[in-house]
file protein_7.txt (compact mmCIF, C-alpha atoms)
# COMPACT_ATOMS: atom_id res chain seq x y z
CA VAL A 1 -51.24 -40.14 12.76
CA VAL A 2 -53.79 -40.24 15.59
CA GLY A 3 -56.59 -39.48 13.12
CA GLY A 4 -55.46 -42.32 10.89
CA LEU A 5 -55.40 -44.78 13.77
CA VAL A 6 -58.87 -43.69 14.88
CA ALA A 7 -60.24 -44.04 11.34
CA GLY A 8 -58.74 -47.53 11.05
CA VAL A 9 -60.20 -48.63 14.35
CA VAL A 10 -63.61 -47.21 13.45
CA GLY A 11 -63.50 -48.91 10.06
CA ARG A 12 -62.70 -52.28 11.56
CA TRP A 13 -65.41 -51.76 14.16
CA ASP A 14 -67.96 -50.91 11.47
CA ARG A 15 -67.01 -53.94 9.45
CA ALA A 16 -67.24 -56.04 12.53
CA THR A 17 -70.66 -54.65 13.45
CA GLY A 18 -71.89 -54.56 9.87
CA SER A 19 -73.00 -50.92 9.99
CA PRO A 20 -71.73 -48.82 7.00
CA THR A 21 -69.90 -45.53 7.89
CA ARG A 22 -68.93 -42.62 5.52
CA ILE A 23 -66.45 -39.92 6.54
CA ASP A 24 -66.19 -36.87 4.24
CA ALA A 25 -62.79 -35.14 4.82
CA ALA A 26 -62.74 -31.34 4.51
CA PRO A 27 -60.58 -29.93 1.69
CA LEU A 28 -57.04 -29.03 2.78
CA PRO A 29 -56.04 -25.38 2.21
CA VAL A 30 -53.40 -24.18 -0.23
CA ARG A 31 -52.05 -20.70 -0.97
CA ALA A 32 -52.84 -19.01 -4.29
CA ALA A 33 -52.11 -15.60 -5.82
CA ARG A 34 -52.61 -13.79 -9.12
CA ILE A 35 -49.66 -14.50 -11.39
CA ASP A 36 -49.13 -10.88 -12.37
CA SER A 37 -49.16 -9.77 -8.72
CA ILE A 38 -46.39 -12.05 -7.52
CA VAL A 39 -43.62 -9.92 -6.03
CA MET A 40 -40.14 -11.31 -6.19
CA GLU A 41 -38.09 -11.39 -3.04
CA PRO A 42 -34.97 -9.22 -3.03
CA MET A 43 -32.17 -11.29 -4.49
CA LYS A 44 -28.42 -11.00 -4.05
CA VAL A 45 -25.56 -12.52 -5.96
CA SER A 46 -22.36 -13.40 -4.13
CA TYR A 47 -18.77 -13.28 -5.37
CA PRO A 48 -15.78 -14.67 -3.48
CA GLY A 49 -12.72 -12.62 -2.64
CA LEU A 50 -9.97 -12.22 -0.07
CA ILE A 51 -9.39 -10.20 3.07
CA ILE A 52 -6.04 -8.46 2.58
CA ALA A 53 -3.97 -5.99 4.55
CA ARG A 54 -4.25 -2.44 3.34
CA LYS A 55 -0.44 -2.14 3.54
CA GLU A 56 2.08 -4.96 3.18
CA SER A 57 5.85 -4.66 2.92
CA GLU A 58 8.94 -6.86 2.77
CA LEU A 59 11.58 -4.91 4.71
CA GLY A 60 15.35 -5.18 4.29
CA PHE A 61 18.59 -3.25 4.79
CA GLU A 62 19.80 -0.78 2.17
CA ARG A 63 23.44 -1.81 2.72
CA PRO A 64 25.15 -5.18 3.03
CA GLY A 65 26.52 -6.40 6.33
CA ARG A 66 26.24 -8.82 9.20
CA VAL A 67 22.97 -8.99 11.12
CA MET A 68 23.56 -7.91 14.71
CA ARG A 69 20.05 -8.07 16.20
CA ILE A 70 16.54 -9.15 15.18
CA LEU A 71 14.14 -7.60 17.69
CA LYS A 72 10.79 -8.90 16.43
CA GLU A 73 9.22 -12.31 15.92
CA GLU A 74 6.28 -13.48 13.82
CA GLY A 75 3.04 -12.04 15.16
CA ASP A 76 4.64 -9.23 17.17
CA ALA A 77 2.92 -5.86 16.99
CA VAL A 78 5.00 -2.81 16.02
CA VAL A 79 4.40 0.92 15.88
CA THR A 80 5.66 3.41 13.33
CA GLY A 81 9.36 4.15 13.75
CA GLU A 82 10.10 1.20 16.04
CA VAL A 83 13.46 -0.54 15.49
CA MET A 84 12.97 -4.07 14.20
CA ALA A 85 16.51 -5.19 13.23
CA GLU A 86 20.10 -3.85 13.20
CA LEU A 87 23.37 -4.48 11.32
CA ASP A 88 26.94 -4.45 12.68
CA THR A 89 28.31 -0.87 12.42
CA GLU A 90 31.98 -1.24 13.47
CA ASP A 91 33.21 -0.19 10.02
CA LEU A 92 31.02 2.91 10.16
CA ASP A 93 32.39 3.81 13.61
CA ALA A 94 35.97 3.76 12.28
CA SER A 95 35.06 5.80 9.20
CA GLU A 96 33.25 8.34 11.32
CA ASP A 97 36.22 8.77 13.69
CA ARG A 98 38.60 9.32 10.77
CA ALA A 99 36.33 11.82 9.06
CA SER A 100 35.75 13.70 12.32
CA ALA A 101 39.52 14.10 12.83
CA GLU A 102 39.97 15.36 9.27
CA LEU A 103 37.16 17.84 9.80
CA ARG A 104 38.74 19.24 12.96
CA SER A 105 42.05 19.72 11.15
CA ALA A 106 40.41 21.43 8.16
CA GLU A 107 38.37 23.72 10.39
CA ALA A 108 41.53 24.76 12.27
CA VAL A 109 43.24 25.72 9.02
CA LEU A 110 40.13 27.65 7.99
CA ARG A 111 40.11 29.62 11.22
CA GLU A 112 43.77 30.45 10.70
CA LEU A 113 43.10 31.71 7.20
CA VAL A 114 40.16 33.80 8.33
CA ALA A 115 42.18 35.32 11.18
CA GLY A 116 45.02 36.26 8.80
CA PRO A 117 48.76 36.84 9.67
CA ARG A 118 49.75 37.90 13.17
CA LYS A 119 51.36 41.24 13.98
CA GLN A 120 54.58 39.51 14.94
CA GLU A 121 54.85 37.98 11.47
CA ILE A 122 54.35 41.38 9.84
CA ARG A 123 57.07 42.95 12.05
CA ALA A 124 59.43 40.09 11.26
CA ALA A 125 58.88 40.59 7.52
CA ALA A 126 59.50 44.33 7.87
CA ALA A 127 62.72 43.61 9.76
CA ARG A 128 63.90 41.36 6.94
CA VAL A 129 63.30 44.19 4.49
CA GLU A 130 65.37 46.58 6.66
CA GLN A 131 68.10 43.95 6.86
CA ARG A 132 68.19 43.64 3.10
CA LEU A 133 68.41 47.42 2.74
CA ALA A 134 71.40 47.53 5.07
CA GLU A 135 73.09 44.74 3.17
CA ILE A 136 72.48 46.59 -0.12
CA ALA A 137 74.07 49.75 1.33
CA LEU A 138 77.12 47.78 2.37
CA ALA A 139 77.30 46.10 -1.06
CA ASN A 140 77.18 49.55 -2.77
CA ALA A 141 80.02 50.79 -0.59
CA ASN A 142 82.13 47.73 -1.43
CA LEU A 143 81.42 48.18 -5.13
CA GLU A 144 82.53 51.86 -5.10
CA ARG A 145 85.68 50.91 -3.18
CA GLU A 146 86.62 48.25 -5.71
CA LYS A 147 86.06 50.68 -8.58
CA THR A 148 88.40 53.20 -6.93
CA LEU A 149 91.10 50.60 -6.31
CA LEU A 150 90.81 49.36 -9.88
CA ARG A 151 91.35 52.91 -11.26
CA LYS A 152 94.45 53.35 -9.07
CA GLY A 153 95.77 49.96 -10.17
CA ALA A 154 95.54 48.50 -6.67
CA GLY A 155 92.50 46.28 -7.34
CA SER A 156 91.46 43.56 -9.77
CA GLN A 157 88.60 43.14 -12.20
CA ARG A 158 87.57 39.87 -10.55
CA THR A 159 87.01 41.51 -7.22
CA LEU A 160 84.97 44.27 -8.90
CA ASP A 161 82.75 41.71 -10.65
CA THR A 162 82.17 39.84 -7.41
CA ALA A 163 81.00 43.05 -5.74
CA LYS A 164 78.61 43.78 -8.64
CA TYR A 165 77.01 40.31 -8.48
CA ALA A 166 76.66 40.50 -4.71
CA LEU A 167 74.77 43.78 -5.07
CA GLN A 168 72.42 42.29 -7.69
CA VAL A 169 71.62 39.33 -5.43
CA LEU A 170 70.77 41.63 -2.56
CA GLU A 171 68.51 43.75 -4.80
CA GLU A 172 66.54 40.63 -5.80
CA GLN A 173 66.25 39.59 -2.18
CA ILE A 174 64.92 42.99 -1.16
CA ARG A 175 62.19 42.79 -3.80
CA SER A 176 61.18 39.34 -2.50
CA SER A 177 61.14 40.51 1.10
CA ARG A 178 59.04 43.56 0.22
CA ALA A 179 56.53 41.29 -1.63
CA ASP A 180 56.28 39.02 1.41
CA LEU A 181 55.63 42.03 3.61
CA GLU A 182 52.90 43.30 1.28
CA LEU A 183 51.17 39.89 1.32
CA LEU A 184 51.17 39.82 5.08
CA GLU A 185 49.85 43.34 5.29
CA GLU A 186 47.00 42.61 2.82
CA GLY A 187 45.94 39.47 4.71
CA THR A 188 44.62 36.11 3.44
CA ARG A 189 43.07 35.97 -0.03
CA THR A 190 39.32 35.16 -0.22
CA GLU A 191 40.04 32.36 -2.71
CA GLN A 192 42.10 30.52 -0.09
CA ILE A 193 39.32 30.87 2.46
CA ASP A 194 36.72 29.60 -0.04
CA ALA A 195 38.88 26.62 -0.96
CA GLN A 196 39.35 25.68 2.68
CA GLN A 197 35.62 26.06 3.36
CA ALA A 198 34.91 23.72 0.45
CA ALA A 199 37.31 21.20 1.95
CA CYS A 200 35.42 21.38 5.25
CA GLU A 201 32.07 20.92 3.50
CA SER A 202 33.40 17.87 1.70
CA ILE A 203 34.34 16.25 5.00
CA ARG A 204 30.94 17.13 6.50
CA ALA A 205 29.29 15.45 3.50
CA GLN A 206 31.30 12.33 4.25
CA LEU A 207 29.98 12.41 7.81
CA LYS A 208 26.41 12.76 6.52
CA GLU A 209 26.97 9.79 4.24
CA ILE A 210 28.20 7.77 7.19
CA ALA A 211 25.14 8.84 9.20
CA ALA A 212 22.89 7.76 6.33
CA LYS A 213 24.62 4.38 6.19
CA ARG A 214 24.16 4.07 9.95
CA GLN A 215 20.47 4.77 9.48
CA ASP A 216 20.36 2.18 6.71
CA SER A 217 21.81 -0.29 9.20
CA ARG A 218 18.48 -0.35 11.04
CA ILE A 219 15.04 -1.49 9.92
CA LEU A 220 12.32 0.83 11.22
CA ALA A 221 8.63 0.03 11.05
CA PRO A 222 7.11 2.23 8.30
CA PHE A 223 3.59 1.84 9.72
CA ASP A 224 1.69 0.23 12.58
CA GLY A 225 1.16 -3.47 12.04
CA ARG A 226 2.27 -7.01 12.79
CA VAL A 227 5.27 -9.05 11.72
CA THR A 228 4.38 -11.85 9.30
CA THR A 229 7.78 -13.39 8.49
CA ARG A 230 11.34 -13.43 9.87
CA ARG A 231 13.74 -14.77 7.28
CA PHE A 232 17.16 -14.49 9.02
CA ASP A 233 18.70 -14.68 12.47
CA GLU A 234 21.64 -12.93 14.12
CA GLY A 235 25.04 -13.47 12.52
CA ALA A 236 23.79 -13.90 8.96
CA VAL A 237 25.62 -11.90 6.30
CA ILE A 238 23.10 -10.42 3.90
CA ALA A 239 23.20 -8.39 0.69
CA ALA A 240 21.66 -4.98 0.20
CA GLY A 241 17.91 -5.05 -0.42
CA MET A 242 17.45 -8.67 0.69
CA PRO A 243 14.05 -9.14 2.45
CA ILE A 244 14.51 -9.69 6.18
CA ILE A 245 11.12 -9.09 7.84
CA GLY A 246 7.58 -9.08 6.46
CA LEU A 247 5.07 -6.56 7.85
CA ILE A 248 1.34 -6.01 7.33
CA SER A 249 -0.82 -3.20 8.66
CA HIS A 250 -3.64 -3.63 11.17
CA GLU A 251 -6.07 -2.02 8.75
CA LEU A 252 -7.69 -4.58 6.47
CA GLU A 253 -9.61 -4.34 3.23
CA ALA A 254 -11.33 -6.76 0.89
CA ARG A 255 -10.44 -7.45 -2.74
CA PHE A 256 -12.95 -8.99 -5.13
CA GLY A 257 -12.83 -9.80 -8.82
CA LEU A 258 -16.20 -8.87 -10.30
CA PRO A 259 -17.54 -9.00 -13.85
CA ALA A 260 -16.72 -5.82 -15.68
CA ASP A 261 -20.34 -4.69 -16.02
CA MET A 262 -21.05 -5.42 -12.36
CA ALA A 263 -17.95 -3.53 -11.22
CA SER A 264 -18.78 -0.56 -13.45
CA SER A 265 -22.19 -0.26 -11.83
CA LEU A 266 -20.60 0.38 -8.42
CA SER A 267 -19.78 3.87 -7.18
CA ILE A 268 -17.07 5.02 -4.81
CA GLY A 269 -18.36 5.03 -1.25
CA GLN A 270 -21.28 2.69 -1.98
CA ALA A 271 -22.14 0.50 1.03
CA ILE A 272 -21.91 -3.26 0.40
CA ASP A 273 -22.40 -6.28 2.64
CA VAL A 274 -19.33 -8.52 3.11
CA SER A 275 -19.23 -11.78 5.04
CA VAL A 276 -16.57 -14.13 6.31
CA GLU A 277 -18.07 -17.49 7.27
CA GLN A 278 -21.25 -16.49 9.16
CA HIS A 279 -20.12 -13.02 10.18
CA HIS A 280 -21.12 -9.93 8.22
CA GLN A 281 -19.70 -6.45 8.00
CA THR A 282 -20.61 -3.35 6.04
CA ALA A 283 -17.95 -2.13 3.65
CA ALA A 284 -17.68 0.77 1.24
CA VAL A 285 -16.23 0.80 -2.26
CA ASP A 286 -12.78 2.39 -1.94
CA ARG A 287 -11.32 2.08 -5.44
CA LEU A 288 -11.59 0.10 -8.68
CA GLU A 289 -8.79 -1.03 -10.91
CA PRO A 290 -9.08 0.64 -14.31
CA ASN A 291 -8.36 -2.50 -16.32
CA VAL A 292 -9.79 -6.01 -16.70
CA ASP A 293 -7.54 -8.92 -15.75
CA LEU A 294 -6.59 -10.80 -18.91
CA THR A 295 -6.62 -14.17 -17.16
CA THR A 296 -9.79 -14.03 -15.06
CA ARG A 297 -11.60 -11.44 -17.22
CA THR A 298 -12.68 -9.68 -14.03
CA ARG A 299 -12.16 -6.19 -12.66
CA ALA A 300 -10.69 -5.84 -9.17
CA VAL A 301 -12.75 -3.91 -6.61
CA TYR A 302 -11.33 -2.89 -3.22
CA LEU A 303 -13.61 -2.35 -0.24
CA ARG A 304 -12.76 -0.62 3.02
CA PHE A 305 -14.55 -1.55 6.21
CA ASN A 306 -16.72 0.82 8.19
CA ASP A 307 -17.07 0.82 11.95
CA VAL A 308 -19.95 -1.24 13.32
CA ASP A 309 -22.67 0.63 15.19
CA PRO A 310 -22.15 -0.29 18.89
CA SER A 311 -25.93 -0.15 19.44
CA SER A 312 -26.52 -2.89 16.88
CA ALA A 313 -27.97 -5.97 18.53
CA ALA A 314 -27.25 -8.32 15.64
CA SER A 315 -25.18 -11.19 16.98
CA ASP A 316 -23.60 -11.95 13.62
CA ARG A 317 -22.06 -8.46 13.16
CA ILE A 318 -18.43 -8.25 14.25
CA ILE A 319 -15.67 -5.72 13.79
CA ALA A 320 -13.61 -6.39 10.68
CA SER A 321 -10.38 -6.08 12.68
CA HIS A 322 -11.22 -9.49 14.15
CA TRP A 323 -10.74 -10.96 10.71
CA ILE A 324 -7.36 -12.12 9.44
CA ALA A 325 -5.65 -11.28 6.19
CA GLY A 326 -5.94 -14.20 3.79
CA GLN A 327 -9.44 -15.28 4.83
CA VAL A 328 -11.92 -15.95 2.05
CA ALA A 329 -14.75 -13.41 2.02
CA ASN A 330 -17.94 -13.06 0.03
CA VAL A 331 -19.48 -9.85 -1.23
CA HIS A 332 -23.26 -9.80 -1.58
CA LEU A 333 -24.60 -7.54 -4.31
CA PRO A 334 -28.28 -6.95 -5.07
CA GLN A 335 -29.45 -8.38 -8.38
CA THR A 336 -32.19 -6.63 -10.29
CA LEU A 337 -34.59 -8.94 -12.18
CA GLN A 338 -37.45 -7.84 -14.42
CA PRO A 339 -40.70 -9.46 -13.20
CA LEU A 340 -42.38 -9.31 -16.60
CA SER A 341 -41.13 -9.42 -20.18
CA LYS A 342 -42.30 -10.44 -23.60
CA GLY A 343 -41.63 -13.88 -24.89
CA ASP A 344 -39.43 -14.83 -27.80
CA THR A 345 -41.16 -14.54 -31.15
CA SER A 346 -38.32 -15.79 -33.28
CA ALA A 347 -40.33 -18.91 -34.14
CA GLY A 348 -43.07 -16.81 -35.68
CA GLY A 349 -45.73 -17.54 -33.05
CA PRO A 350 -47.67 -14.97 -31.04
CA ASN A 351 -46.06 -13.10 -28.19
CA ARG A 352 -46.22 -15.03 -24.95
CA GLU A 353 -45.71 -13.20 -21.69
CA GLU A 354 -43.12 -14.41 -19.21
CA TYR A 355 -43.72 -14.40 -15.48
CA TRP A 356 -41.66 -14.95 -12.37
CA VAL A 357 -43.24 -17.64 -10.20
CA PRO A 358 -42.05 -19.50 -7.10
CA THR A 359 -40.10 -22.60 -8.04
CA SER A 360 -42.18 -24.51 -5.49
CA ALA A 361 -45.22 -24.02 -7.76
CA LEU A 362 -43.65 -26.09 -10.55
CA THR A 363 -44.28 -29.80 -10.95
CA SER A 364 -42.64 -32.13 -13.43
CA ALA A 365 -44.90 -33.40 -16.18
CA GLY A 366 -42.33 -35.82 -17.55
CA ARG A 367 -39.99 -35.67 -20.55
CA GLY A 368 -38.57 -32.35 -19.48
CA ILE A 369 -41.93 -30.61 -19.38
CA TRP A 370 -43.07 -28.58 -16.39
CA SER A 371 -46.55 -27.61 -15.34
CA VAL A 372 -48.34 -25.39 -12.84
CA LEU A 373 -51.78 -25.56 -11.23
CA VAL A 374 -53.96 -22.48 -11.73
CA LEU A 375 -57.53 -21.34 -11.14
CA PRO A 376 -58.39 -20.00 -14.59
CA GLN A 377 -61.51 -17.92 -13.77
CA PRO A 378 -61.23 -16.38 -10.34
CA SER A 379 -64.53 -15.24 -8.90
CA ALA A 380 -65.40 -12.95 -6.04
CA THR A 381 -65.24 -15.83 -3.61
CA VAL A 382 -62.20 -17.65 -4.92
CA GLY A 383 -59.09 -16.43 -3.21
CA LEU A 384 -60.83 -15.65 0.05
CA PRO A 385 -60.07 -17.70 3.18
CA ASP A 386 -61.93 -21.02 3.18
CA ALA A 387 -62.98 -20.53 -0.48
CA GLU A 388 -63.09 -23.63 -2.69
CA GLY A 389 -62.30 -23.99 -6.36
CA THR A 390 -61.20 -26.34 -9.11
CA CYS A 391 -57.73 -26.00 -10.56
CA GLU A 392 -56.27 -26.88 -13.93
CA ARG A 393 -52.87 -28.11 -14.97
CA ARG A 394 -51.06 -25.82 -17.44
CA ALA A 395 -47.84 -26.69 -19.27
CA VAL A 396 -45.07 -24.08 -19.04
CA GLU A 397 -41.50 -23.65 -20.25
CA VAL A 398 -38.85 -22.68 -17.74
CA VAL A 399 -36.73 -19.89 -19.19
CA ARG A 400 -34.39 -19.36 -16.23
CA THR A 401 -34.19 -19.90 -12.51
CA GLU A 402 -32.87 -17.45 -9.94
CA GLY A 403 -32.88 -18.49 -6.31
CA GLY A 404 -36.39 -19.51 -5.27
CA HIS A 405 -38.07 -18.11 -8.39
CA SER A 406 -38.31 -19.25 -11.99
CA LEU A 407 -39.12 -17.31 -15.14
CA VAL A 408 -41.72 -19.28 -17.11
CA ARG A 409 -43.90 -18.86 -20.18
CA GLY A 410 -46.68 -20.99 -21.57
CA MET A 411 -50.42 -21.50 -21.27
CA ILE A 412 -50.93 -19.05 -18.43
CA GLN A 413 -52.21 -15.49 -18.10
CA GLY A 414 -51.56 -12.79 -15.57
CA SER A 415 -55.14 -12.95 -14.24
CA ASP A 416 -54.87 -16.66 -13.39
CA LEU A 417 -54.60 -17.64 -9.76
CA LEU A 418 -51.45 -19.69 -9.29
CA ILE A 419 -51.26 -22.40 -6.65
CA MET A 420 -48.14 -21.21 -4.83
CA ASP A 421 -47.50 -24.18 -2.55
CA GLY A 422 -49.16 -27.23 -1.08
CA LEU A 423 -49.30 -29.04 -4.43
CA HIS A 424 -49.18 -32.37 -2.63
CA ARG A 425 -52.63 -31.60 -1.18
CA ILE A 426 -54.31 -31.48 -4.59
call {"tool": "encode", "arguments": {"input": "protein_7.txt", "output": "structure tokens"}}
result
Amino acid sequence: VVGGLVAGVVGRWDRATGSPTRIDAAPLPVRAARIDSIVMEPMKVSYPGLIIARKESELGFERPGRVMRILKEEGDAVVTGEVMAELDTEDLDASEDRASAELRSAEAVLRELVAGPRKQEIRAAAARVEQRLAEIALANANLEREKTLLRKGAGSQRTLDTAKYALQVLEEQIRSSRADLELLEEGTRTEQIDAQQAACESIRAQLKEIAAKRQDSRILAPFDGRVTTRRFDEGAVIAAGMPIIGLISHELEARFGLPADMASSLSIGQAIDVSVEQHHQTAAVDRLEPNVDLTTRTRAVYLRFNDVDPSSAASDRIIASHWIAGQVANVHLPQTLQPLSKGDTSAGGPNREEYWVPTSALTSAGRGIWSVLVLPQPSATVGLPDAEGTCERRAVEVVRTEGGHSLVRGMIQGSDLLIMDGLHRI
């Protein structure tokens, strides 16, 4: 601006004084390079995805009942095994008391069977046998007496029959008493003990079932994390399996839907750059879904985050734990581009080489045509600092554009010097 003002003032002064003045401006520099030596900058392609929790669960009770306590709110941190909610267990308390009483009674009977009959019972049974023997002896004496009286004509047949039947009854009773004595002397049968033991085990199983239901009356944190949702409050009557509390783990991962060929090129453990807003973090490929989504036609890739090096001085690197599940993330993957390829010969013309050039070197020639400025015959001096040369305009066709580079073909050769930037100076 100052130079322009000075030139204007000098020009007006010269016109005023009438003395002609000529100022020859020095050529302005531009940057040029051989077309076939242009090196493309490393390029990356980005795909959006989500930060998700590595573990996420909707927790509920395995039995119906009335909610007694909800101990956690949204955002609260929990550790594995911590109680988060409880149901009313009055019905379980009553069932447990009843089953415990039945178990004590069954165990007492079992101990009695194992111990067997007491000595006093065996002596009492033996005494009953002796009593029956004495009664049989008396009945035999009465029977013989009645027979004698009947022969002498002093007795009756009825009395004799009564004595016979009385003796038979006593003989049956003695056999029963002897059998009872033998049972007591042999002790309790093993089958009775086994049956009573089975009865005790059945009651213990009922107590275990009650204990399991009591455990199902509490919601315990299955892993370390934070509460995301609380769907009910105290006093609500809920059904079995109904979600009560949502929980996500502290550990996060990233999920991205990538094109199938791009996902297949990744390997487990490969380090990849992931960013959320302006913050970056290194992640490693953890797993890949084996199928392609029918709706998005992409393959899901899951990345796990690595710890950041504490010695890193980069201000935009943060620990992934500072991120929040649900944030939109971007994965940045390197894209390999071929710097040189042969042109399309489907039209029957000669092969024309294609070159990657900076997009800033292209200028519009109108009607959809693009052109570049080249130095067609570079000499030993052209290309050196402060060297001068004459450029030519060459028409080119843009095949594709990637980032700051474009793939072109046309009236150019690899040995031509391409004006890279500063086209406005020419």
call {"tool": "residues_around", "arguments": {"input": "protein_7.txt", "residues": "segment 242-254 of chain A", "least_positions_apart": "3", "cutoff": "6 Å", "atoms": "all atoms listed in the file", "output": "list of chain:residue names"}}
result
A:Leu50, A:Ile51, A:Ile52, A:Ala53, A:Arg54, A:Lys55, A:Glu56, A:Ser57, A:Glu58, A:Leu59, A:Gly60, A:Asp224, A:Gly225, A:Arg226, A:Val227, A:Thr228, A:Thr229, A:Arg230, A:Arg231, A:Ala239, A:Tyr302, A:Leu303, A:Arg304
call {"tool": "residues_around", "arguments": {"input": "protein_7.txt", "residues": "Ser275 of chain A", "least_positions_apart": "2", "cutoff": "7 Å", "atoms": "all atoms listed in the file", "output": "short mmCIF file (atom, residue, chain, number, x, y, z; two decimals) with C-alpha atoms, in the frame of the given file"}}
result
data_model
loop_
_atom_site.label_atom_id
_atom_site.label_comp_id
_atom_site.auth_asym_id
_atom_site.auth_seq_id
_atom_site.Cartn_x
_atom_site.Cartn_y
_atom_site.Cartn_z
CA ASP A 273 -22.40 -6.28 2.64
CA GLU A 277 -18.07 -17.49 7.27
CA GLN A 278 -21.25 -16.49 9.16
CA HIS A 279 -20.12 -13.02 10.18
CA HIS A 280 -21.12 -9.93 8.22
CA GLN A 281 -19.70 -6.45 8.00
CA ALA A 329 -14.75 -13.41 2.02
CA ASN A 330 -17.94 -13.06 0.03
CA VAL A 331 -19.48 -9.85 -1.23
#
call {"tool": "residues_around", "arguments": {"input": "protein_7.txt", "residues": "Tyr47 of chain A", "least_positions_apart": "6", "cutoff": "10 Å", "atoms": "all atoms listed in the file", "output": "PyMOL selection string"}}
result
chain A and resi 256-259+274+329-333
call {"tool": "closest_residue", "arguments": {"input": "protein_7.txt", "among": "A:Gly414, A:Gly81, A:Pro334, A:Pro376", "to": "Glu353 of chain A", "atoms": "all atoms listed in the file"}}
result
A:Gly414
call {"tool": "closest_residue", "arguments": {"input": "protein_7.txt", "among": "A:Leu417, A:Ala271, A:Leu87, A:Val396", "to": "Gly235 of chain A", "atoms": "all atoms listed in the file"}}
result
A:Leu87
call {"tool": "residues_near_point", "arguments": {"input": "protein_7.txt", "point": "(39.3, 21.6, 4.4)", "cutoff": "7 Å", "atoms": "all atoms listed in the file", "output": "PyMOL selection string"}}
result
chain A and resi 103+106-107+196-200
call {"tool": "write_last_selection", "arguments": {"input": "protein_7.txt", "atoms": "C-alpha atoms", "output": "PDB file, in the frame of the given file"}}
result
ATOM      1  CA  LEU A 103      37.160  17.840   9.800  1.00  0.00           C
ATOM      2  CA  ALA A 106      40.410  21.430   8.160  1.00  0.00           C
ATOM      3  CA  GLU A 107      38.370  23.720  10.390  1.00  0.00           C
ATOM      4  CA  GLN A 196      39.350  25.680   2.680  1.00  0.00           C
ATOM      5  CA  GLN A 197      35.620  26.060   3.360  1.00  0.00           C
ATOM      6  CA  ALA A 198      34.910  23.720   0.450  1.00  0.00           C
ATOM      7  CA  ALA A 199      37.310  21.200   1.950  1.00  0.00           C
ATOM      8  CA  CYS A 200      35.420  21.380   5.250  1.00  0.00           C
TER       9      CYS A 200
END
call {"tool": "residues_around", "arguments": {"input": "protein_7.txt", "residues": "Glu130 of chain A", "least_positions_apart": "4", "cutoff": "12 Å", "atoms": "only C-alpha atoms", "output": "PDB file with C-alpha atoms, in the frame of the given file"}}
result
ATOM      1  CA  ARG A 123      57.070  42.950  12.050  1.00  0.00           C
ATOM      2  CA  ALA A 124      59.430  40.090  11.260  1.00  0.00           C
ATOM      3  CA  ALA A 125      58.880  40.590   7.520  1.00  0.00           C
ATOM      4  CA  ALA A 126      59.500  44.330   7.870  1.00  0.00           C
ATOM      5  CA  ALA A 134      71.400  47.530   5.070  1.00  0.00           C
ATOM      6  CA  GLU A 135      73.090  44.740   3.170  1.00  0.00           C
ATOM      7  CA  ILE A 136      72.480  46.590  -0.120  1.00  0.00           C
ATOM      8  CA  ALA A 137      74.070  49.750   1.330  1.00  0.00           C
ATOM      9  CA  LEU A 170      70.770  41.630  -2.560  1.00  0.00           C
ATOM     10  CA  GLN A 173      66.250  39.590  -2.180  1.00  0.00           C
ATOM     11  CA  ILE A 174      64.920  42.990  -1.160  1.00  0.00           C
ATOM     12  CA  ARG A 175      62.190  42.790  -3.800  1.00  0.00           C
ATOM     13  CA  SER A 177      61.140  40.510   1.100  1.00  0.00           C
ATOM     14  CA  ARG A 178      59.040  43.560   0.220  1.00  0.00           C
ATOM     15  CA  LEU A 181      55.630  42.030   3.610  1.00  0.00           C
TER      16      LEU A 181
END
call {"tool": "atom_distance", "arguments": {"input": "protein_7.txt", "atom1": "atom CA of Val45 of chain A", "atom2": "atom CA of Val285 of chain A"}}
result
16.7 Å
call {"tool": "axis_aligned_box", "arguments": {"input": "protein_7.txt", "around": "segment 260-268 of chain A", "padding_each_side": "6 Å", "output": "lines of an AutoDock Vina configuration file"}}
result
center_x = -19.5
center_y = -0.4
center_z = -10.4
size_x = 17.5
size_y = 22.8
size_z = 23.2
call {"tool": "atom_distance", "arguments": {"input": "protein_7.txt", "atom1": "atom CA of Arg34 of chain A", "atom2": "atom CA of Ser415 of chain A"}}
result
5.8 Å
call {"tool": "atom_distance", "arguments": {"input": "protein_7.txt", "atom1": "atom CA of Gly422 of chain A", "atom2": "atom CA of Val30 of chain A"}}
result
5.3 Å
call {"tool": "residues_around", "arguments": {"input": "protein_7.txt", "residues": "Trp370 of chain A", "least_positions_apart": "4", "cutoff": "9 Å", "atoms": "all atoms listed in the file", "output": "ChimeraX atom specification"}}
result
/A:362-366,394-398
call {"tool": "closest_residue", "arguments": {"input": "protein_7.txt", "among": "A:Met420, A:Ile203, A:Leu143, A:Ala179", "to": "Ala99 of chain A", "atoms": "all atoms listed in the file"}}
result
A:Ile203
call {"tool": "closest_residue", "arguments": {"input": "protein_7.txt", "among": "A:Gly241, A:Ile193, A:Gly153, A:Val408", "to": "Ala108 of chain A", "atoms": "all atoms listed in the file"}}
result
A:Ile193
call {"tool": "closest_residue", "arguments": {"input": "protein_7.txt", "among": "A:Trp356, A:Gly65, A:Ala33, A:Glu171", "to": "Asp91 of chain A", "atoms": "only C-alpha atoms"}}
result
A:Gly65
call {"tool": "closest_residue", "arguments": {"input": "protein_7.txt", "among": "A:Arg425, A:Arg151, A:Arg299, A:Arg287", "to": "Gly49 of chain A", "atoms": "only C-alpha atoms"}}
result
A:Arg299
call {"tool": "residues_near_point", "arguments": {"input": "protein_7.txt", "point": "(-47.8, -18.3, -20.2)", "cutoff": "7 Å", "atoms": "all atoms listed in the file", "output": "PyMOL selection string"}}
result
chain A and resi 352-354+396+408-413
